[in-house]
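J.: Below is the structure I would like to discuss, written out as structure tokens.
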Amino acid sequence: MSGSDRDPLSVGSDLLQGEDLEDDLLADWTVGNIVSTLVPLLIALSILQMVSGTVLETFEDQLLENPSLLVIVPVMIGTAGNLGSIMCSRLSTQLHLGTLEFSPANPDIRANIGAVFGLAATVFVLLGIASWGIGRALGGTLGLGTLLFVTIVSGMLLAVWVVVVSTLSVYGSYKLGYDPDDTTIPVVTNVCDITGVLILFAVVWIVL
């Protein structure tokens with residue numbers, strides 16, 4: 001049906017729905033609404049960060065014995081947060097555009113997952129090589145093969161976890177009525193901080 005043949009009532013209804021949607025979005029983007037949503041979330045995540053620091057402190061002896069691990073830890077945590085931010089941003093954008101379907105059969109979901117795994121594989125291979133070189137300069141004894149195994153295995157496990165947490169965060173924010181742009185990235189980066197440390201040292205414990 002051409003635009004000139006459409007029912008004027010239908011057109012008016014569509015415009016009204018668009019205006020209502022715009023009003024809802026403007027209400028969500030007020031300072032008061034953003035602050036009331038984020039303050040409790042940031043308090044909870046700050047507590048989680050303190051737990052992450054405590055967990056990291058328990059591995060102090062291993063870090064001092066193996067300088068290469070000192071190089072790996074911050075990069076591992078930072079990369080997990082970056083990958084999670086990328087995943088959440090892409091999913092949130094698709095959600096706002098109305099093109100997101102939470103299904104493994106969705107090609108957009110598969111493309112995002114493939115991108116995260118590809119980036120993770122590239123970064124963690126380079127991290128293994130760099131940590132070996134820096135560790136050697138600092139007097140470390142861990143071999144290149146060992147460090148590559150640690151960084152690749154722990155990195156890919158963390159990438160799987162990033163995909164799961166990112167997808168659940170976007171879906172959970174949507175179902176609870178929160179804007180994923182406000183909530184998902186802080187949640188994913190903080191959760192991946194503590195779990196990244198646990199995954200890394202679980203692999204280190206198995207290997208060493």
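Here, A, B, ... name the chains of the structure tokens in the order displayed, residue numbers run from 1 inside each chain, and ligands are numbered from 1 in the same displayed order.
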Tell me, as an MDAnalysis selection string, which residues lie within 10 Å of segment 53-66 of chain A, counting only C-alpha atoms; anything in the same chain fewer than 6 positions away does not count.
T.: chainID A and resid 72:73 135:136 138:142 193:195 197:198 201 204:205 208
J.: Print the selection's residues with all heavy atoms to a file, as a tab-separated table (two decimals), in the first residue's frame.
T.:
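File out-v1.tsv, as written:
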```
chain	number	residue	atom	x	y	z
A	72	ILE	N	50.81	-10.52	33.41
A	72	ILE	CA	49.58	-11.09	32.86
A	72	ILE	C	48.34	-10.57	33.56
A	72	ILE	O	47.33	-10.27	32.90
A	72	ILE	CB	49.63	-12.63	32.95
A	72	ILE	CG1	50.73	-13.17	32.03
A	72	ILE	CG2	48.29	-13.25	32.56
A	72	ILE	CD1	50.95	-14.66	32.16
A	73	VAL	N	48.38	-10.45	34.90
A	73	VAL	CA	47.17	-10.17	35.67
A	73	VAL	C	46.45	-8.89	35.22
A	73	VAL	O	45.26	-8.94	34.87
A	73	VAL	CB	47.47	-10.12	37.18
A	73	VAL	CG1	46.26	-9.59	37.95
A	73	VAL	CG2	47.84	-11.49	37.69
A	135	GLY	N	59.21	-11.22	31.64
A	135	GLY	CA	59.58	-12.08	32.76
A	135	GLY	C	61.05	-12.49	32.72
A	135	GLY	O	61.73	-12.52	33.74
A	136	ARG	N	61.56	-12.80	31.53
A	136	ARG	CA	62.98	-13.12	31.37
A	136	ARG	C	63.85	-11.95	31.79
A	136	ARG	O	64.88	-12.12	32.45
A	136	ARG	CB	63.26	-13.49	29.91
A	136	ARG	CG	62.83	-14.88	29.52
A	136	ARG	CD	63.66	-15.93	30.23
A	136	ARG	NE	63.29	-17.27	29.81
A	136	ARG	CZ	63.85	-18.37	30.28
A	136	ARG	NH1	64.81	-18.28	31.18
A	136	ARG	NH2	63.44	-19.56	29.87
A	138	LEU	N	63.19	-9.78	33.94
A	138	LEU	CA	63.09	-9.60	35.39
A	138	LEU	C	63.60	-10.81	36.17
A	138	LEU	O	63.46	-10.87	37.39
A	138	LEU	CB	61.63	-9.33	35.79
A	138	LEU	CG	61.02	-8.04	35.23
A	138	LEU	CD1	59.55	-7.94	35.60
A	138	LEU	CD2	61.78	-6.81	35.76
A	139	GLY	N	64.16	-11.79	35.47
A	139	GLY	CA	64.72	-12.95	36.13
A	139	GLY	C	63.74	-14.10	36.31
A	139	GLY	O	64.01	-15.02	37.11
A	140	GLY	N	62.64	-14.11	35.59
A	140	GLY	CA	61.67	-15.19	35.69
A	140	GLY	C	62.17	-16.47	35.03
A	140	GLY	O	63.07	-16.44	34.18
A	141	THR	N	61.56	-17.58	35.42
A	141	THR	CA	62.00	-18.89	34.91
A	141	THR	C	60.95	-19.60	34.10
A	141	THR	O	61.22	-20.68	33.54
A	141	THR	CB	62.41	-19.79	36.10
A	141	THR	OG1	61.29	-19.93	36.99
A	141	THR	CG2	63.58	-19.19	36.86
A	142	LEU	N	59.75	-19.07	34.01
A	142	LEU	CA	58.69	-19.75	33.25
A	142	LEU	C	58.99	-19.70	31.76
A	142	LEU	O	59.38	-18.67	31.22
A	142	LEU	CB	57.34	-19.09	33.53
A	142	LEU	CG	56.77	-19.26	34.94
A	142	LEU	CD1	55.44	-18.53	35.06
A	142	LEU	CD2	56.60	-20.73	35.28
A	193	ASP	N	36.46	-8.82	36.47
A	193	ASP	CA	37.67	-8.57	37.24
A	193	ASP	C	37.96	-9.73	38.20
A	193	ASP	O	39.04	-10.32	38.18
A	193	ASP	CB	37.54	-7.27	38.04
A	193	ASP	CG	37.89	-6.05	37.21
A	193	ASP	OD1	38.28	-6.22	36.04
A	193	ASP	OD2	37.76	-4.93	37.72
A	194	ILE	N	36.98	-10.03	39.02
A	194	ILE	CA	37.19	-11.06	40.04
A	194	ILE	C	37.24	-12.45	39.43
A	194	ILE	O	38.08	-13.28	39.80
A	194	ILE	CB	36.12	-10.97	41.15
A	194	ILE	CG1	36.44	-11.96	42.28
A	194	ILE	CG2	34.71	-11.22	40.60
A	194	ILE	CD1	35.58	-11.75	43.51
A	195	THR	N	36.38	-12.73	38.46
A	195	THR	CA	36.40	-14.07	37.85
A	195	THR	C	37.63	-14.25	36.97
A	195	THR	O	38.14	-15.37	36.84
A	195	THR	CB	35.12	-14.30	37.02
A	195	THR	OG1	34.94	-13.21	36.10
A	195	THR	CG2	33.91	-14.41	37.92
A	197	VAL	N	40.63	-13.14	37.65
A	197	VAL	CA	41.70	-13.54	38.57
A	197	VAL	C	41.56	-15.01	38.95
A	197	VAL	O	42.54	-15.77	38.96
A	197	VAL	CB	41.68	-12.65	39.83
A	197	VAL	CG1	42.65	-13.18	40.89
A	197	VAL	CG2	42.03	-11.21	39.47
A	198	LEU	N	40.33	-15.42	39.25
A	198	LEU	CA	40.10	-16.81	39.66
A	198	LEU	C	40.41	-17.79	38.53
A	198	LEU	O	41.04	-18.83	38.75
A	198	LEU	CB	38.65	-16.97	40.12
A	198	LEU	CG	38.26	-16.23	41.40
A	198	LEU	CD1	36.76	-16.36	41.66
A	198	LEU	CD2	39.05	-16.75	42.59
A	201	PHE	N	44.36	-17.97	37.90
A	201	PHE	CA	45.13	-18.70	38.89
A	201	PHE	C	44.68	-20.15	39.03
A	201	PHE	O	45.44	-20.98	39.51
A	201	PHE	CB	45.11	-17.97	40.23
A	201	PHE	CG	46.06	-16.80	40.24
A	201	PHE	CD1	45.60	-15.51	40.02
A	201	PHE	CD2	47.42	-17.00	40.43
A	201	PHE	CE1	46.46	-14.44	40.01
A	201	PHE	CE2	48.29	-15.94	40.42
A	201	PHE	CZ	47.83	-14.66	40.21
A	204	VAL	N	46.87	-21.52	36.38
A	204	VAL	CA	48.26	-21.51	36.89
A	204	VAL	C	48.46	-22.64	37.89
A	204	VAL	O	49.47	-23.34	37.86
A	204	VAL	CB	48.58	-20.16	37.53
A	204	VAL	CG1	49.90	-20.22	38.30
A	204	VAL	CG2	48.64	-19.06	36.47
A	205	TRP	N	47.49	-22.85	38.76
A	205	TRP	CA	47.59	-23.92	39.77
A	205	TRP	C	47.67	-25.29	39.12
A	205	TRP	O	48.44	-26.15	39.55
A	205	TRP	CB	46.39	-23.84	40.71
A	205	TRP	CG	46.40	-24.90	41.78
A	205	TRP	CD1	47.15	-24.92	42.92
A	205	TRP	CD2	45.62	-26.10	41.78
A	205	TRP	NE1	46.88	-26.07	43.64
A	205	TRP	CE2	45.95	-26.81	42.97
A	205	TRP	CE3	44.66	-26.65	40.91
A	205	TRP	CZ2	45.36	-28.03	43.29
A	205	TRP	CZ3	44.09	-27.84	41.23
A	205	TRP	CH2	44.44	-28.53	42.40
A	208	LEU	N	51.26	-25.33	37.13
A	208	LEU	CA	52.47	-25.26	37.97
A	208	LEU	C	52.36	-26.16	39.20
A	208	LEU	O	53.33	-26.33	39.91
A	208	LEU	CB	52.74	-23.82	38.39
A	208	LEU	CG	52.90	-22.80	37.24
A	208	LEU	CD1	53.21	-21.43	37.80
A	208	LEU	CD2	54.02	-23.24	36.30
```
J.: List the spatial neighbours of segment 185-188 of chain A as a ChimeraX atom specification - criterion: any atom at most 9 Å away, only C-alpha atoms, same-chain residues fewer than 6 positions off excluded.
T.: /A:41-42,45,80-81,84-86,88-89,162,165-166,169
J.: Find the nearest atom pair between each residue of segment 135-194 of chain A and segment 94-100 of chain A for residues within 9 Å, count only C-alpha atoms, give distances in Å to one decimal, sort rows by chain and ascending number, and present the table as JSON lines.
T.:
```
{"residue": "A:Val170", "atom": "CA", "partner": "A:Leu95", "partner_atom": "CA", "distance": 8.6}
{"residue": "A:Tyr174", "atom": "CA", "partner": "A:Leu95", "partner_atom": "CA", "distance": 8.6}
{"residue": "A:Pro180", "atom": "CA", "partner": "A:Leu95", "partner_atom": "CA", "distance": 8.8}
```
J.: Would you save the residues from that selection as a PDB file, in the first residue's frame, using C-alpha atoms?
T.:
```pdb
ATOM      1  CA  VAL A 170      21.758  -7.049  28.604  1.00  0.00           C
ATOM      2  CA  TYR A 174      15.892  -5.353  29.501  1.00  0.00           C
ATOM      3  CA  PRO A 180      21.376  -1.538  29.320  1.00  0.00           C
TER       4      PRO A 180
END
```
J.: Quick one: residues within 10 Å of segment 75-78 of chain A, only C-alpha atoms, excluding same-chain residues fewer than 6 positions away - as an MDAnalysis selection string?
T.: chainID A and resid 84 120 123:124 127 131 151 154:155 158 189:190 192:197 200
J.: Please determine, counting only C-alpha atoms, which residue among A:Tyr178, A:Glu101, A:Ile206, A:Met87 has the shortest atom-to-atom distance to Val164 of chain A.
T.: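 Closest candidate: A:Met87.
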J.: Which of these, A:Ile134, A:Ala105, A:Thr183, A:Leu144, has the shortest distance to Leu168 of chain A once you count only C-alpha atoms?
T.: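 Checking each of A:Ile134, A:Ala105, A:Thr183, A:Leu144 against Leu168 of chain A, counting only C-alpha atoms, the winner is A:Thr183.
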